[in-house]
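Everything below concerns the one structure shown next.
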Amino acid sequence: MRILHVASHLNVGGIPRYVLTLVQLQVAGGHQVVIASGGGQLEEWVKTMGIRHWPLPFHTSTEFSLPVFWGARQLEARLKREPVDVIHAHTRVGQVVADWVSRRLKLPYVTTWHGIYKPRFGRRLWPCTGGLVIAISGPVREHLLKGFHVPEERIRLVYNGVDTAHYAAAVDPSALQEYRRRHQIPEDRPTIGAIGRLAAGRVKGFDSILVAVYLLKETFSDLEVLIVGDGPRRPFLEDVARRLGVMDQVRFLGTSEDIRLPLAAMDLFVFPSRWPEAFGLTLVEAMAAGKPVVATRMGAVPEIVRDRVDGWLVPSEDPAALADGIARLLKDRQMAHRFGRQGQSRVREQFSLRRMAAEVEAVYREVIGSG
């Protein structure tokens with residue numbers, strides 16, 4: 001099958017990561033795959049992997065703009081010379097371009113909705129949702145039904161996948177020791193952590209962890225907290241930690257190329273989101289690594305974590321409940337171990353890359369067959 005993926009850019013982030021992972025699986029499966037995008041930090045990596053990349057002038061997030069339509073015309077001309085069987089669009093700009101090209105060349109196309117987006121006026125008039133639409137979770141599916149009025153029969157639910165074997169594999173002990181040394185992470189203290197971009201705004205809920213640590217100060221005075229990630233909200237979080245008097249317990253580690261290292265240093269993973277998460281990839285990765293989890297009951301989280309089976313779910317905006325969940329799992333190591341083991345098994349069964357790739361391919365075959 002000849003497959004074209006269209007995305008706005010190839011910078012570090014969730015959507016490019018999804019695209020590149022899926023492309024690798026498709027190439028390994030014998031498909032001919034091309035990526036069309038505005039390029040970015042991961043472009044050189046794409047070339048070293050031997051994956052074809054068609055550069056387009058997508059240096060904008062405005063869906064209906066001259067660069068987007070100019071890029072669509074360029075892509076149309078390229079596809080007349082090098083046709084494909086199906087187009088897979090991943091971003092809002094990519095969806096507009098795919099729709100244009102699909103209409104002009106009568107090519108089937110699929111979109112993946114990676115988040116919950118505000119239905120802008122232009123998209124109400126020109127939805128650009130594709131012949132079939134992939135929703136990465138139940139909340140995204142509901143958003144497509146209610147926010148964009150996509151007919152139910154055109155939506156396919158395909159959960160994101162992770163490399164379960166990669167995260168389940170033990171990390172190199174010397175690499176972990178060096179990571180601990182570099183970040184001054186002791187080995188003899190209970191350690192919790194969270195991973196994610198420290199983006200502006202309150203949606204990720206990292207400050208809830210800091211309040212929970214403050215509430216646990218008497219019970220777990222030696223508790224260590226690892227915040228993995230970086231972004232504009234970091235100074236605010238550091239200030240919160242200082243004002244709460246827990247700065248000596250919290251380590252802001254910045255980004256990590258291999259998140260298995262900070263995960264290996266954690267006894268417990270915390271996912272404190274305040275916003276209805278479209279999926280929760282770091283949560284699935286932590287479960288794949290066998291980590292017990294405490295997470296807020298938001299968005300797709302209850303689809304991933306079965307409360308009191310794979311992890312401990314708490315209400316959002318409730319640091320006391322978050323602190324209680326953390327304390328329970330730190331005190332009851334048997335329960336924590338059971339959650340970690342069952343969560344790892346669940347990820348293998350429901351959120352593997354193999355399953356994701358097979359289900360996406362089935363969507364392609366369906367949309368091609370209906371064309």
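Chain labels follow the order of the structure tokens: the first chain is A, the next B, and so on; residue numbering restarts at 1 in every chain, and ligands are counted from 1 in their shown order.
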| task | Compile the contact shell of Ser61 (chain A) as a PyMOL selection string: residues with an atom at most 10 Å away, counting only C-alpha atoms, same-chain residues fewer than 2 positions apart removed. | result | chain A and resi 8-9+58-59+63-65+67-68+91-94
| task | Enumerate the residues of region 137-240 of chain A with a DSSP assignment of strand (DSSP E), computed from the backbone, and present them as a ChimeraX atom specification. | result | /A:155-157,191-195,224-228
| Skipping near chain neighbours, those fewer than 2 positions away, what residues fall within 10 Å of region 147-153 of chain A using only C-alpha atoms, listed as number ranges by chain? | A: 116-120, 123-124, 127, 129-130, 132-133, 140-145, 155-156
| message | Can you pull out every residue from region 286-364 of chain A that DSSP, working from the backbone, puts in helix (DSSP H, G or I), and format the result as number ranges by chain? | response | A: 286-288, 301-304, 319-331, 333-350, 353-364
| request: May I ask which of the residues A:Val314, A:Ala241, A:Leu79, A:Val171 is the closest one to Leu107 (chain A), counting only C-alpha atoms? | output: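 Closest candidate: A:Leu79.
For the atom pair formed by CA of Gly131 (chain A) and CA of Glu277 (chain A), the distance is 25.2 Å, given to one decimal.
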| field | Residue nearest Gln184 (chain A) - candidates A:Phe252, A:Tyr159, A:Phe279, A:Trp312, atoms counted: only C-alpha atoms | value |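 Of the candidates, the smallest distance to Gln184 (chain A) is held by A:Phe252.
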| query | What lies within 12 Å of Ala175 (chain A) using only C-alpha atoms, ignoring chain neighbours under 6 positions off, as a list in words? | reply | Arg181, Arg182, Asp258, Arg260, Leu261, Pro262, Ala264 and Ala265 of chain A
| message | Counting only C-alpha atoms, which residue out of A:Ser345, A:Thr62, A:Asn160, A:Gln249 sits closest to Leu223 (chain A)? | response | A:Gln249
| Exercise: region 11-23 of chain A partners within 7 Å, only C-alpha atoms, chain neighbours under 5 positions left out, as a ChimeraX atom specification | /A:33,40-42,357
| task | Go through A:Pro292, A:Pro232, A:Val240, A:Lys217 and flag the residue nearest Asp332 (chain A), using only C-alpha atoms for the distances. | result | A:Pro292
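By only C-alpha atoms, and with residues fewer than 4 positions from Glu349 (chain A) along its chain excluded, the set lying at most 12 Å from it is Tyr159, Gly161, Val162, Asp163, Thr164, Val284, Ala288, Ile304, Gln342, Gly343, Gln344, Ser345, Leu353, Arg354, Arg355 and Met356 of chain A.
Using only C-alpha atoms, the shortest contact distance between Pro55 (chain A) and any of A:Ala336, A:Ala89, A:Val84, A:Leu10 is found at A:Leu10.
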| message | As an exercise, work out the distance from CA of Arg242 (chain A) to CA of Leu226 (chain A) in Å and give it to one decimal place. | response |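 One can read the CA of Arg242 (chain A) to CA of Leu226 (chain A) distance as 15.2 Å.
The space separating CA of Ile134 (chain A) from CA of Tyr364 (chain A) comes to 10.4 Å.
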